[in-house]
Structures are given as structure tokens and as C-alpha cells.
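What follows is the content of data.csv (CSV, C-alpha atoms).
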```csv
chain,number,residue,atom,x,y,z
A,1,MET,CA,-37.9,-64.2,11.2
A,2,GLU,CA,-38.5,-64.8,14.9
A,3,SER,CA,-38.5,-68.5,15.7
A,4,ALA,CA,-41.5,-70.0,17.5
A,5,PRO,CA,-41.1,-70.2,21.2
A,6,ARG,CA,-40.5,-73.6,22.7
A,7,PRO,CA,-43.4,-74.8,24.8
A,8,ASN,CA,-43.0,-74.8,28.6
A,9,ARG,CA,-43.5,-78.4,29.4
A,10,SER,CA,-43.6,-77.8,33.1
A,11,ALA,CA,-46.5,-75.3,32.8
A,12,ILE,CA,-48.5,-77.6,30.6
A,13,LEU,CA,-48.0,-80.5,33.0
A,14,ARG,CA,-49.2,-78.2,35.9
A,15,ILE,CA,-52.4,-77.4,33.9
A,16,VAL,CA,-53.0,-81.1,33.2
A,17,LEU,CA,-52.4,-82.0,36.8
A,18,ILE,CA,-54.7,-79.3,38.2
A,19,TYR,CA,-57.4,-80.3,35.7
A,20,PHE,CA,-57.0,-84.0,36.7
A,21,LEU,CA,-57.2,-83.3,40.4
A,22,PHE,CA,-60.1,-80.9,40.0
A,23,GLY,CA,-62.0,-83.6,38.0
A,24,LEU,CA,-61.2,-86.3,40.5
A,25,LEU,CA,-62.4,-84.2,43.5
A,26,TRP,CA,-65.5,-83.0,41.5
A,27,VAL,CA,-66.6,-86.6,40.8
A,28,TRP,CA,-65.9,-87.9,44.3
A,29,GLY,CA,-67.3,-84.8,46.1
A,30,THR,CA,-70.5,-84.5,44.0
A,31,ASP,CA,-71.2,-88.3,44.3
A,32,ARG,CA,-70.9,-88.2,48.0
A,33,ALA,CA,-73.2,-85.1,48.2
A,34,VAL,CA,-75.9,-86.7,46.0
A,35,GLU,CA,-75.8,-89.9,48.0
A,36,HIS,CA,-76.3,-87.8,51.2
A,37,PHE,CA,-79.0,-85.7,49.7
A,38,THR,CA,-81.3,-88.4,48.3
A,39,SER,CA,-81.6,-92.1,47.8
A,40,ASP,CA,-84.1,-91.8,44.9
A,41,LEU,CA,-82.4,-93.3,41.8
A,42,ALA,CA,-84.5,-91.3,39.3
A,43,LEU,CA,-83.6,-88.1,41.1
A,44,ARG,CA,-80.0,-89.1,41.2
A,45,ARG,CA,-79.9,-89.6,37.4
A,46,GLU,CA,-81.4,-86.1,37.0
A,47,LEU,CA,-78.9,-84.6,39.4
A,48,ASP,CA,-76.0,-86.4,37.5
A,49,THR,CA,-77.1,-84.6,34.3
A,50,GLY,CA,-77.0,-81.3,36.0
A,51,LYS,CA,-73.8,-82.3,37.7
A,52,ALA,CA,-72.1,-83.0,34.3
A,53,ALA,CA,-73.3,-79.7,32.9
A,54,LEU,CA,-72.0,-77.8,35.9
A,55,PHE,CA,-68.7,-79.7,35.6
A,56,PHE,CA,-68.2,-78.5,32.0
A,57,VAL,CA,-68.9,-74.9,33.1
A,58,ALA,CA,-66.6,-75.1,36.1
A,59,THR,CA,-63.7,-76.8,34.2
A,60,SER,CA,-64.1,-74.4,31.3
A,61,LEU,CA,-63.7,-71.5,33.7
A,62,LEU,CA,-60.7,-73.2,35.3
A,63,LEU,CA,-59.0,-73.9,32.0
A,64,TYR,CA,-59.7,-70.4,30.9
A,65,GLN,CA,-57.9,-69.0,34.0
A,66,LEU,CA,-55.0,-71.5,33.8
A,67,ILE,CA,-54.4,-71.0,30.1
A,68,GLY,CA,-54.8,-67.3,30.4
A,69,ARG,CA,-52.2,-67.2,33.1
A,70,TYR,CA,-49.8,-69.3,31.1
A,71,THR,CA,-50.4,-67.2,28.0
A,72,ARG,CA,-49.6,-64.0,29.9
A,73,GLN,CA,-46.4,-65.5,31.3
A,74,LEU,CA,-45.4,-66.7,27.8
A,75,GLU,CA,-46.1,-63.3,26.3
A,76,ALA,CA,-44.0,-61.7,29.1
A,77,ALA,CA,-41.2,-64.1,28.4
A,78,GLN,CA,-41.4,-63.5,24.7
A,79,GLN,CA,-41.3,-59.7,25.2
A,80,SER,CA,-38.3,-60.1,27.5
A,81,ARG,CA,-36.6,-62.3,24.9
A,82,ARG,CA,-37.4,-59.8,22.1
A,83,GLU,CA,-35.9,-57.0,24.2
A,84,SER,CA,-32.8,-59.0,25.0
A,85,GLU,CA,-32.4,-60.0,21.3
A,86,SER,CA,-32.9,-56.4,20.3
A,87,MET,CA,-30.3,-55.2,22.8
A,88,LEU,CA,-27.9,-58.0,21.7
A,89,LEU,CA,-28.4,-57.0,18.1
A,90,ARG,CA,-27.7,-53.3,18.8
A,91,TYR,CA,-24.6,-54.3,20.7
A,92,ARG,CA,-23.4,-56.6,17.9
A,93,GLU,CA,-24.1,-54.1,15.2
A,94,SER,CA,-22.3,-51.3,17.0
A,95,ALA,CA,-19.5,-53.4,18.6
A,96,PRO,CA,-16.0,-52.5,17.3
A,97,VAL,CA,-15.0,-56.1,17.7
A,98,PRO,CA,-15.7,-58.3,14.6
A,99,VAL,CA,-18.3,-61.0,15.3
A,100,VAL,CA,-19.2,-64.0,13.2
A,101,VAL,CA,-22.0,-66.3,14.0
A,102,ALA,CA,-22.0,-69.8,12.4
A,103,ASP,CA,-24.1,-73.0,12.7
A,104,ARG,CA,-22.8,-76.5,13.4
A,105,ASP,CA,-22.2,-77.2,9.7
A,106,GLY,CA,-19.9,-74.2,9.5
A,107,MET,CA,-22.4,-72.1,7.5
A,108,ILE,CA,-22.1,-68.4,8.4
A,109,ALA,CA,-25.4,-67.2,9.8
A,110,GLU,CA,-24.6,-63.6,10.7
A,111,VAL,CA,-21.7,-61.1,10.8
A,112,ASN,CA,-21.6,-57.6,12.2
A,113,PRO,CA,-20.3,-54.6,10.2
A,114,ALA,CA,-16.9,-54.8,11.8
A,115,ALA,CA,-16.4,-58.4,10.7
A,116,ALA,CA,-17.5,-57.6,7.1
A,117,GLU,CA,-15.0,-54.7,7.1
A,118,LEU,CA,-12.2,-56.8,8.5
A,119,LEU,CA,-12.9,-59.6,5.9
A,120,GLY,CA,-13.2,-57.2,3.1
A,121,ARG,CA,-16.4,-58.8,1.9
A,122,ASP,CA,-20.1,-57.8,1.3
A,123,ARG,CA,-22.0,-58.3,4.5
A,124,ASN,CA,-25.0,-59.7,2.5
A,125,VAL,CA,-22.8,-62.3,0.8
A,126,LEU,CA,-21.0,-63.7,3.8
A,127,PRO,CA,-24.1,-65.5,5.2
A,128,GLY,CA,-24.0,-67.7,2.1
A,129,MET,CA,-20.4,-68.8,2.8
A,130,THR,CA,-18.8,-71.3,5.2
A,131,ILE,CA,-16.1,-70.7,7.7
A,132,LEU,CA,-13.7,-72.8,5.5
A,133,ASP,CA,-14.3,-70.4,2.6
A,134,LEU,CA,-12.4,-67.8,4.7
A,135,VAL,CA,-9.2,-69.7,5.4
A,136,PRO,CA,-6.4,-70.8,3.2
A,137,GLU,CA,-6.8,-74.3,1.7
A,138,GLU,CA,-3.8,-75.7,3.6
A,139,ASP,CA,-5.3,-74.7,6.9
A,140,ARG,CA,-8.8,-76.1,6.4
A,141,ASP,CA,-8.3,-79.5,8.0
A,142,MET,CA,-7.0,-77.9,11.2
A,143,VAL,CA,-9.7,-75.2,11.3
A,144,GLN,CA,-12.4,-77.9,10.7
A,145,GLN,CA,-11.1,-79.9,13.7
A,146,ASP,CA,-10.9,-76.8,15.9
A,147,PHE,CA,-14.4,-75.7,14.8
A,148,LEU,CA,-16.0,-79.0,15.9
A,149,ARG,CA,-14.0,-78.8,19.2
A,150,VAL,CA,-15.9,-75.6,20.1
A,151,PHE,CA,-19.1,-77.7,20.3
A,152,GLN,CA,-17.4,-80.3,22.5
A,153,GLN,CA,-15.6,-77.9,24.9
A,154,GLY,CA,-17.9,-74.9,24.8
A,155,HIS,CA,-15.1,-72.4,23.9
A,156,LEU,CA,-11.8,-72.2,22.0
A,157,ALA,CA,-9.1,-69.6,21.4
A,158,GLY,CA,-6.3,-69.5,18.9
A,159,GLN,CA,-4.4,-67.8,16.1
A,160,TYR,CA,-5.6,-68.4,12.5
A,161,ARG,CA,-5.1,-67.1,9.0
A,162,LEU,CA,-8.1,-65.7,7.2
A,163,VAL,CA,-8.3,-64.6,3.5
A,164,THR,CA,-10.0,-61.3,2.7
A,165,GLY,CA,-12.1,-60.6,-0.4
A,166,SER,CA,-9.0,-59.1,-2.1
A,167,GLY,CA,-6.9,-62.2,-1.4
A,168,ARG,CA,-4.9,-60.6,1.4
A,169,VAL,CA,-4.0,-63.1,4.2
A,170,LEU,CA,-4.6,-61.8,7.8
A,171,TRP,CA,-3.4,-63.3,11.1
A,172,VAL,CA,-6.4,-63.2,13.4
A,173,SER,CA,-6.8,-64.0,17.1
A,174,VAL,CA,-10.1,-65.9,17.4
A,175,HIS,CA,-12.2,-66.5,20.6
A,176,ALA,CA,-15.1,-68.8,19.9
A,177,GLU,CA,-18.0,-69.5,22.2
A,178,LYS,CA,-20.8,-72.0,21.9
A,179,LEU,CA,-24.2,-70.3,21.9
A,180,SER,CA,-26.3,-73.5,21.6
A,181,ASP,CA,-26.1,-77.0,20.3
A,182,ARG,CA,-26.3,-75.6,16.8
A,183,MET,CA,-24.6,-72.2,16.9
A,184,ILE,CA,-21.3,-70.6,17.8
A,185,ALA,CA,-20.1,-67.0,17.9
A,186,ALA,CA,-16.5,-66.1,17.0
A,187,PHE,CA,-14.9,-62.8,18.1
A,188,LEU,CA,-12.0,-61.7,15.9
A,189,VAL,CA,-9.0,-59.5,16.6
A,190,ASP,CA,-6.6,-58.6,13.7
A,191,ASN,CA,-3.0,-59.4,14.7
A,192,THR,CA,-1.5,-59.1,11.2
A,193,ASP,CA,0.7,-56.1,12.0
A,194,GLN,CA,2.0,-57.7,15.2
A,195,ARG,CA,2.7,-61.0,13.4
A,196,ASN,CA,4.5,-59.1,10.6
A,197,ALA,CA,6.5,-57.1,13.1
A,198,GLU,CA,7.5,-60.4,14.9
A,199,GLN,CA,8.5,-62.0,11.6
A,200,THR,CA,10.6,-58.9,10.7
A,201,LEU,CA,12.3,-59.1,14.1
A,202,ARG,CA,13.0,-62.8,13.6
A,203,SER,CA,14.4,-62.1,10.1
A,204,TYR,CA,16.7,-59.4,11.6
A,205,ALA,CA,17.8,-61.8,14.4
A,206,HIS,CA,18.5,-64.6,11.8
A,207,ARG,CA,20.4,-62.1,9.7
A,208,LEU,CA,22.4,-60.9,12.7
A,209,ILE,CA,23.4,-64.5,13.5
A,210,GLU,CA,24.6,-64.9,9.9
A,211,VAL,CA,26.6,-61.7,10.1
A,212,LYS,CA,28.0,-62.7,13.4
A,213,GLU,CA,29.1,-66.1,12.0
A,214,ASP,CA,30.6,-64.4,9.0
A,215,LEU,CA,32.6,-62.1,11.2
A,216,ARG,CA,33.7,-65.1,13.3
A,217,LYS,CA,34.9,-66.8,10.1
A,218,ARG,CA,36.7,-63.8,8.8
A,219,LEU,CA,38.3,-63.1,12.2
A,220,ALA,CA,39.5,-66.7,12.5
A,221,ALA,CA,41.0,-66.5,9.0
A,222,ASP,CA,42.7,-63.1,9.8
A,223,LEU,CA,44.1,-64.6,13.0
A,224,HIS,CA,45.5,-67.5,11.0
A,225,ASP,CA,46.8,-65.5,8.1
A,226,GLU,CA,48.1,-62.5,9.9
A,227,ILE,CA,48.7,-63.2,13.6
A,228,GLY,CA,49.6,-66.8,13.1
A,229,ARG,CA,52.0,-66.0,10.3
A,230,ASP,CA,53.7,-63.2,12.3
A,231,LEU,CA,54.0,-65.4,15.4
A,232,THR,CA,55.6,-68.1,13.3
A,233,ALA,CA,58.0,-65.5,11.9
A,234,VAL,CA,58.9,-64.2,15.3
A,235,GLY,CA,59.6,-67.8,16.5
A,236,MET,CA,61.9,-68.4,13.5
A,237,ASN,CA,63.7,-65.1,14.2
A,238,LEU,CA,64.2,-66.1,17.8
A,239,SER,CA,65.7,-69.4,16.8
A,240,ILE,CA,68.0,-67.6,14.3
A,241,ILE,CA,69.0,-65.1,16.9
A,242,GLY,CA,69.7,-67.8,19.5
A,243,LYS,CA,71.9,-69.7,17.1
A,244,SER,CA,73.9,-66.5,16.1
A,245,LEU,CA,74.7,-65.5,19.7
A,246,SER,CA,78.1,-66.0,21.1
A,247,GLU,CA,78.6,-68.4,24.0
A,248,GLU,CA,79.1,-65.5,26.4
A,249,THR,CA,76.1,-63.6,25.2
A,250,ARG,CA,73.9,-66.8,25.2
A,251,MET,CA,74.9,-67.3,28.9
A,252,GLN,CA,73.9,-63.7,29.7
A,253,ILE,CA,70.5,-63.6,28.0
A,254,GLY,CA,69.7,-67.3,27.4
A,255,VAL,CA,67.2,-67.4,30.2
A,256,ARG,CA,65.3,-64.4,28.9
A,257,LEU,CA,65.5,-65.9,25.4
A,258,GLU,CA,63.9,-69.1,26.5
A,259,ASP,CA,61.3,-67.3,28.5
A,260,THR,CA,60.4,-65.3,25.4
A,261,ARG,CA,60.1,-68.5,23.4
A,262,ARG,CA,57.9,-70.0,26.1
A,263,LEU,CA,55.6,-66.9,26.1
A,264,LEU,CA,55.5,-67.0,22.3
A,265,GLY,CA,54.4,-70.6,22.4
A,266,GLN,CA,51.7,-69.7,25.0
A,267,ILE,CA,50.5,-66.9,22.8
A,268,HIS,CA,50.5,-69.2,19.8
A,269,ARG,CA,48.4,-71.7,21.6
A,270,SER,CA,46.0,-69.0,22.9
A,271,VAL,CA,45.5,-67.8,19.3
A,272,ARG,CA,44.9,-71.3,18.1
A,273,SER,CA,42.3,-71.8,20.9
A,274,ILE,CA,40.6,-68.5,20.0
A,275,MET,CA,40.5,-69.5,16.3
A,276,SER,CA,38.9,-72.9,17.2
A,277,GLU,CA,36.3,-71.1,19.3
A,278,LEU,CA,35.5,-68.7,16.5
A,279,ARG,CA,35.4,-71.3,13.8
A,280,PRO,CA,36.8,-74.8,14.4
A,281,PRO,CA,38.4,-76.1,11.2
A,282,VAL,CA,37.4,-79.7,12.1
A,283,LEU,CA,33.7,-78.7,11.7
A,284,ASP,CA,34.2,-77.7,8.1
A,285,GLU,CA,36.6,-80.5,7.3
A,286,ARG,CA,35.1,-83.5,9.0
A,287,GLY,CA,31.6,-82.6,10.0
A,288,PHE,CA,29.6,-82.0,13.2
A,289,GLN,CA,30.0,-85.4,14.8
A,290,GLU,CA,33.8,-85.3,14.9
A,291,ALA,CA,33.7,-81.6,15.8
A,292,LEU,CA,31.6,-82.5,18.8
A,293,VAL,CA,34.0,-85.2,20.0
A,294,TRP,CA,36.9,-82.8,19.6
A,295,TYR,CA,35.2,-79.9,21.4
A,296,VAL,CA,34.0,-82.1,24.3
A,297,ASP,CA,37.6,-83.3,24.8
A,298,GLU,CA,38.9,-79.7,24.8
A,299,PHE,CA,36.1,-78.5,27.0
A,300,SER,CA,36.5,-81.3,29.6
A,301,ALA,CA,40.3,-80.7,29.7
A,302,ARG,CA,39.8,-77.0,30.2
A,303,THR,CA,37.0,-77.1,32.8
A,304,GLY,CA,37.2,-80.5,34.4
A,305,LEU,CA,33.5,-81.2,33.6
A,306,ALA,CA,32.8,-84.9,33.0
A,307,VAL,CA,31.0,-85.2,29.7
A,308,ARG,CA,29.8,-88.6,28.2
A,309,VAL,CA,29.1,-88.7,24.5
A,310,ASP,CA,26.8,-91.3,22.8
A,311,ALA,CA,27.2,-90.4,19.2
A,312,GLY,CA,26.2,-93.6,17.5
A,313,THR,CA,27.2,-94.3,13.9
A,314,ASP,CA,24.2,-93.2,11.8
A,315,PHE,CA,24.1,-89.4,12.6
A,316,PRO,CA,24.0,-87.8,9.2
A,317,ARG,CA,26.1,-85.0,7.7
A,318,LEU,CA,24.1,-81.8,7.3
A,319,GLU,CA,24.4,-78.5,5.5
A,320,SER,CA,27.3,-76.4,6.8
A,321,ARG,CA,25.0,-73.7,8.3
A,322,ARG,CA,22.9,-76.4,10.1
A,323,GLU,CA,26.0,-78.2,11.5
A,324,LEU,CA,27.3,-74.8,12.7
A,325,ALA,CA,23.9,-74.0,14.4
A,326,LEU,CA,24.1,-77.4,16.3
A,327,PHE,CA,27.7,-76.7,17.2
A,328,ARG,CA,26.9,-73.3,18.7
A,329,VAL,CA,24.0,-74.8,20.7
A,330,LEU,CA,26.5,-77.4,22.0
A,331,GLN,CA,28.9,-74.7,23.1
A,332,GLU,CA,26.2,-72.6,24.8
A,333,ALA,CA,24.6,-75.6,26.5
A,334,LEU,CA,27.9,-77.0,27.9
A,335,ASN,CA,28.9,-73.5,29.1
A,336,ASN,CA,25.6,-73.3,30.9
A,337,VAL,CA,26.2,-76.7,32.6
A,338,TRP,CA,29.6,-75.6,33.7
A,339,LYS,CA,28.4,-72.2,35.1
A,340,HIS,CA,25.1,-73.1,36.6
A,341,ALA,CA,24.6,-76.8,37.2
A,342,GLY,CA,26.9,-77.1,40.2
A,343,ASP,CA,28.9,-80.3,40.8
A,344,SER,CA,27.5,-82.3,38.0
A,345,SER,CA,28.2,-84.2,34.8
A,346,ALA,CA,26.7,-84.0,31.3
A,347,THR,CA,25.6,-86.5,28.7
A,348,ILE,CA,25.4,-85.8,25.0
A,349,THR,CA,23.3,-88.1,22.7
A,350,LEU,CA,23.2,-87.9,18.9
A,351,ALA,CA,20.4,-89.7,17.1
A,352,ARG,CA,18.9,-90.0,13.6
A,353,LEU,CA,15.1,-90.2,13.7
A,354,ASP,CA,12.9,-91.0,10.8
A,355,ARG,CA,12.7,-87.4,9.6
A,356,ALA,CA,15.1,-85.5,11.8
A,357,ALA,CA,18.5,-85.3,13.4
A,358,ARG,CA,18.5,-84.8,17.2
A,359,MET,CA,21.0,-83.7,19.7
A,360,CYS,CA,20.2,-84.1,23.4
A,361,ILE,CA,22.3,-82.5,26.1
A,362,SER,CA,21.4,-83.4,29.7
A,363,ASP,CA,23.0,-82.9,33.1
A,364,ASP,CA,22.3,-84.1,36.6
A,365,GLY,CA,22.7,-80.7,38.2
A,366,ILE,CA,20.5,-78.5,40.3
A,367,GLY,CA,18.1,-77.4,37.5
A,368,PHE,CA,16.1,-74.2,37.7
A,369,ASP,CA,12.6,-72.8,37.5
A,370,PRO,CA,12.0,-72.1,33.7
A,371,GLN,CA,9.3,-69.5,34.6
A,372,ARG,CA,11.9,-67.4,36.6
A,373,SER,CA,14.9,-67.9,34.3
A,374,TRP,CA,14.6,-64.5,32.7
A,375,ASP,CA,16.6,-61.9,34.7
A,376,PRO,CA,17.9,-58.9,32.8
A,377,GLN,CA,20.1,-57.8,35.7
A,378,LEU,CA,21.9,-61.1,35.8
A,379,GLY,CA,21.8,-61.5,32.0
A,380,SER,CA,20.1,-64.9,32.3
A,381,GLY,CA,17.7,-66.0,29.6
A,382,PHE,CA,19.7,-64.5,26.7
A,383,GLY,CA,21.6,-67.8,26.1
A,384,LEU,CA,18.4,-69.8,25.7
A,385,THR,CA,16.9,-67.2,23.4
A,386,ILE,CA,20.0,-67.2,21.2
A,387,MET,CA,20.0,-71.0,21.0
A,388,ARG,CA,16.4,-71.0,19.9
A,389,GLU,CA,16.9,-68.3,17.3
A,390,ARG,CA,19.9,-70.2,15.9
A,391,MET,CA,17.8,-73.4,15.5
A,392,GLU,CA,14.8,-71.5,14.0
A,393,ALA,CA,17.1,-69.8,11.5
A,394,VAL,CA,18.0,-73.2,10.0
A,395,GLY,CA,14.5,-74.6,10.2
A,396,GLY,CA,15.1,-76.5,13.5
A,397,SER,CA,13.6,-76.4,17.0
A,398,LEU,CA,14.9,-76.3,20.5
A,399,VAL,CA,13.1,-77.5,23.6
A,400,LEU,CA,14.4,-77.1,27.2
A,401,SER,CA,13.0,-79.1,30.1
A,402,THR,CA,14.1,-78.6,33.7
A,403,THR,CA,12.8,-78.5,37.3
A,404,PRO,CA,14.7,-77.3,40.4
A,405,GLY,CA,16.8,-80.2,41.8
A,406,ALA,CA,16.2,-82.5,38.8
A,407,GLY,CA,18.8,-81.3,36.2
A,408,THR,CA,18.2,-79.8,32.8
A,409,THR,CA,17.8,-81.3,29.3
A,410,VAL,CA,18.2,-79.4,26.0
A,411,VAL,CA,16.9,-81.1,22.8
A,412,ALA,CA,17.8,-79.6,19.4
A,413,GLU,CA,16.2,-81.1,16.3
A,414,ILE,CA,16.7,-80.4,12.6
A,415,GLU,CA,14.3,-81.8,10.0
A,416,LEU,CA,16.1,-83.9,7.4
A,417,LYS,CA,15.5,-82.9,3.8
A,418,GLU,CA,14.1,-85.6,1.6
A,419,GLU,CA,16.6,-87.1,-0.8
```
Would you give me this structure, written as C-alpha cells?
Amino acid sequence: MESAPRPNRSAILRIVLIYFLFGLLWVWGTDRAVEHFTSDLALRRELDTGKAALFFVATSLLLYQLIGRYTRQLEAAQQSRRESESMLLRYRESAPVPVVVADRDGMIAEVNPAAAELLGRDRNVLPGMTILDLVPEEDRDMVQQDFLRVFQQGHLAGQYRLVTGSGRVLWVSVHAEKLSDRMIAAFLVDNTDQRNAEQTLRSYAHRLIEVKEDLRKRLAADLHDEIGRDLTAVGMNLSIIGKSLSEETRMQIGVRLEDTRRLLGQIHRSVRSIMSELRPPVLDERGFQEALVWYVDEFSARTGLAVRVDAGTDFPRLESRRELALFRVLQEALNNVWKHAGDSSATITLARLDRAARMCISDDGIGFDPQRSWDPQLGSGFGLTIMRERMEAVGGSLVLSTTPGAGTTVVAEIELKEE
């Protein structure tokens, strides 16, 4: 049903003003004319009667013209509006993009065929539902807040979950526009396949991390059990050989024998270092906090980078896979400081929050532009992506903040499970 057109107040005011001015000029002009025509009071009264009758005729004609003109303008505006609404209706009906129109209370007013098809619901039933009926119960508070924000801001865009008539949950990109003080229109794009593909890729990435860590652990164990054992055996054999040599033979090959022992010790230390990088025993035996202190000492001795640690005393023990994720982030972040931060130092802070464990790694180096950090030719950007994926795989998060010339800060957080 077409709503009644709102009156044009300015047109009505113009009619009233014209009528008032005409009446004022009529009274003043006719009074002056009668006074000039005659001074006979009886004749003046007769002329006043005729003057009044003539006034009603003149004003009636004037009002007829003014109201007729206003009516024609109003009819033309109504016709233009009907044509626009008809065009909009045809567009909405034929548009491939799902469109949902709702009022300020969230009640669905109209949907086009594409929206009914996307939602898997009868088009005639949807107008009796609310927007909140289309979203999962756990999302309704958020959707309600965003819905009201459309009327405040005029528009809103975001990703939301919608439930179809069959119970299937869709991920939908929504662009909502305010139509009036009472109505909004929402344009929907189904992103379910894309979201599922992204989730599958994340699952593969997390699984790849798990496989990589398992390979690291197995390789470290093999190095310890096989290479480490063999190196120890070689060292023992060298000692036995050295003791069994005659004095003359020892003088001839003693230098070579000592050089071999020295090289063997160097190889042994290298293997132990590789084992520690692959899977440091201290992490499994004593936890992340002590593993951090050990690694920082080793890293500083190897690279010369000054690193200050503020570990506190209340940092909690976490699950093995969570502590391992933090340790890998620590390794990657310190390597980035050493490679890219220039002549700088780093500070590592561990803290226990109300519901999370936090590690913050900051440096006073040259920083960088995060918008230009991804360069496939240089290989940059992969480290940050891997760190984020590691944290996401254990239910954590990673945030990087940096600006050119102002250093870099990496914050890794893991939510603590309720005891």
C-alpha cells in the first residue's frame, strides 16, 4: 500500500502568504478608492457590501489557481516517485545481490528473491521475522549493537554468520545503508566457501607446524642417540689409541692426534648446539621461563646482541605445545632483531595478566614500515606470518607494532585456561 505523501509545508505557506497579502492590498486599495469616489456614508456602506462580495469571488479564483497549481505539482511529484519506486522495485527484484530491508526494530520488511534463496526461507515468511532470527544465538548481542550503529553512522560493513532455513550456517559479507530514520537496506554476499577455504588452509598450516616440530624432536633425538653416541665412542677410541702408542709414535703423530681430538670436540659442541636449536631439553624439563633465560644467554654470547630479560616470578607453566610456540616466537623475534634492527638492544618482558600469559619483545632499532614489510624477493614477511600461525595454532595471538626509526615491539599472548 502506497503511503500518503507528506505535505509540502513551504508550498502551503506560500499560498497562505499570497492570500494574506492579496487580502491586505484589497482592503487597503478598495478603501482608498471608495474614499476618493464618494464621501456619502450611505453609498459607502452599499459599496462595502459589493466590495465584500467581489473580494470573495476574487479570492476564490485566486485560491483555485494556487491550489490547482500546487495539486498539479504534487501529482507530478507523486508520479515521479511512483516511477522511481517501480524502477527500484524492478531492480531489487531482478538484482542478483541479496537485499534485505528492515525497520528500526529489526523487523524484516522486504527481501528480494536472491535473499530468500540465499537464506533458504520462504519469501512470504521472512517479513514476519526479525534480523536476530537469522543469526546464531551467541552472535545476537553483537549483531544488535551493529544494527543500531547503522542508524547512528548511516552505513556499516562487516562479516556475520547467518542461519539458513535448513540450519546451515553461512558466513556473509554485509553492507548496510540507512534509507531513512526508520529503515535500512542490507546487501549480502555469501563468503562461506572462501571462509571454509581459509579455515582449511589454516588447519593445514597448523598441522604443518605440528609435523615440523615432531620432525625437529625426532631429529634431535636421533642426533643424541646416534651421532652423539658415535662421537662419544670415537673420543673414547682416540683416548685408548693415544694411551697405547709408543713414545716414539706419540711424538710423530701426537700433534695430529690432539688436532683430531680438538676437531671432535668442536663437532660434538656443534651437534649439541644443533640439538638445542631443534628441541632444547631445558624447555621440556624446566619450562619456558628457564628456557628463555638459557636461550638469551646463548644467543647473546653467539651474536653479541645485548638482551635484557624481565621475567618476574609469577609467569605460569603452560602446556608443552604452548610453551614451544612461545619459544619459537622468541627465537624468530630475536633473530629478526639481530638481522634487521641495526645497532640496537632488546628487552624481553614476561607477565601474567588476569586471563592471559604475555611475552613482549621490543628493540630500540630502526623499525620498518609494516605496510611494506612483505617482499617475496627478499623473503621478508614470512617470519611474521609463521609467528602468527604458531600462536593461532595454540589459541594465542600475536601483535606487531613498529614505525620507521622507532623500533619494533612483538607481543604474544596466550589465554590461560580456567582451573
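Note that CA of Trp338 (chain A) and CA of Pro404 (chain A) are 16.4 Å apart.
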Q. Could you state the separation of CA of Glu137 (chain A) and CA of Met107 (chain A) in Å, given to one decimal place?
A.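 Between CA of Glu137 (chain A) and CA of Met107 (chain A) the gap is 16.8 Å.
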Q) Which of these, A:Leu398, A:Leu148, A:Leu17, A:Ile361, has the shortest distance to Gly106 (chain A) once you count all atoms listed in the file? A)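 Closest residue, counting all atoms listed in the file: A:Leu148.
Shortest atom-to-atom contact with Phe315 (chain A) among A:Arg358, A:Arg279, A:Arg328, A:Arg302: A:Arg358, counting only C-alpha atoms.
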Q: Extract, using all atoms listed in the file, all DNA, RNA and protein residues at most 12 Å from Val125 (chain A), discarding same-chain residues fewer than 6 positions from it, and format them as a PyMOL selection string.
A: chain A and resi 107-111+116+119+133+165
Q: Identify which of the residues A:Lys417, A:Arg262, A:His268, A:His206 lies closest to Glu389 (chain A), counting all atoms listed in the file when measuring atom-to-atom distances.
A: A:His206
(Q) Can you tell me which residues surround region 405-412 of chain A at a distance of at most 7 Å, considering all atoms listed in the file, apart from same-chain residues fewer than 3 positions away, and format the answer as a list in words? (A)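 After dropping sequence-adjacent residues, the list is Arg358, Met359, Cys360, Ile361, Ser362, Asp363, Asp364, Gly365, Ile366, Gly367, Ser397, Leu398, Val399, Leu400, Ser401 and Thr402 of chain A.
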(Q) Given all atoms listed in the file as the basis, pick out the residue of A:Arg250, A:Ala157, A:Ser300, A:Thr232 nearest to Leu264 (chain A). (A)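 Among the listed residues, the smallest separation from Leu264 (chain A) belongs to A:Thr232.
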Q: Give me, please, the distance in Å between CA of Asp259 (chain A) and CA of Met275 (chain A), quoted to one decimal.
A: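 Here the two named atoms are 24.2 Å from each other.
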Surrounding residues of Gly23 (chain A) excluding itself and chain neighbours under 6 positions, 10 Å, only C-alpha atoms, as a PDB file with C-alpha atoms, in the coordinates of the input:
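Below you can see selection34.pdb, which holds the result:
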```
ATOM      1  CA  LEU A  17     -52.400 -82.000  36.800  1.00  0.00           C
ATOM      2  CA  GLY A  29     -67.300 -84.800  46.100  1.00  0.00           C
ATOM      3  CA  PHE A  55     -68.700 -79.700  35.600  1.00  0.00           C
ATOM      4  CA  ALA A  58     -66.600 -75.100  36.100  1.00  0.00           C
ATOM      5  CA  THR A  59     -63.700 -76.800  34.200  1.00  0.00           C
TER       6      THR A  59
END
```
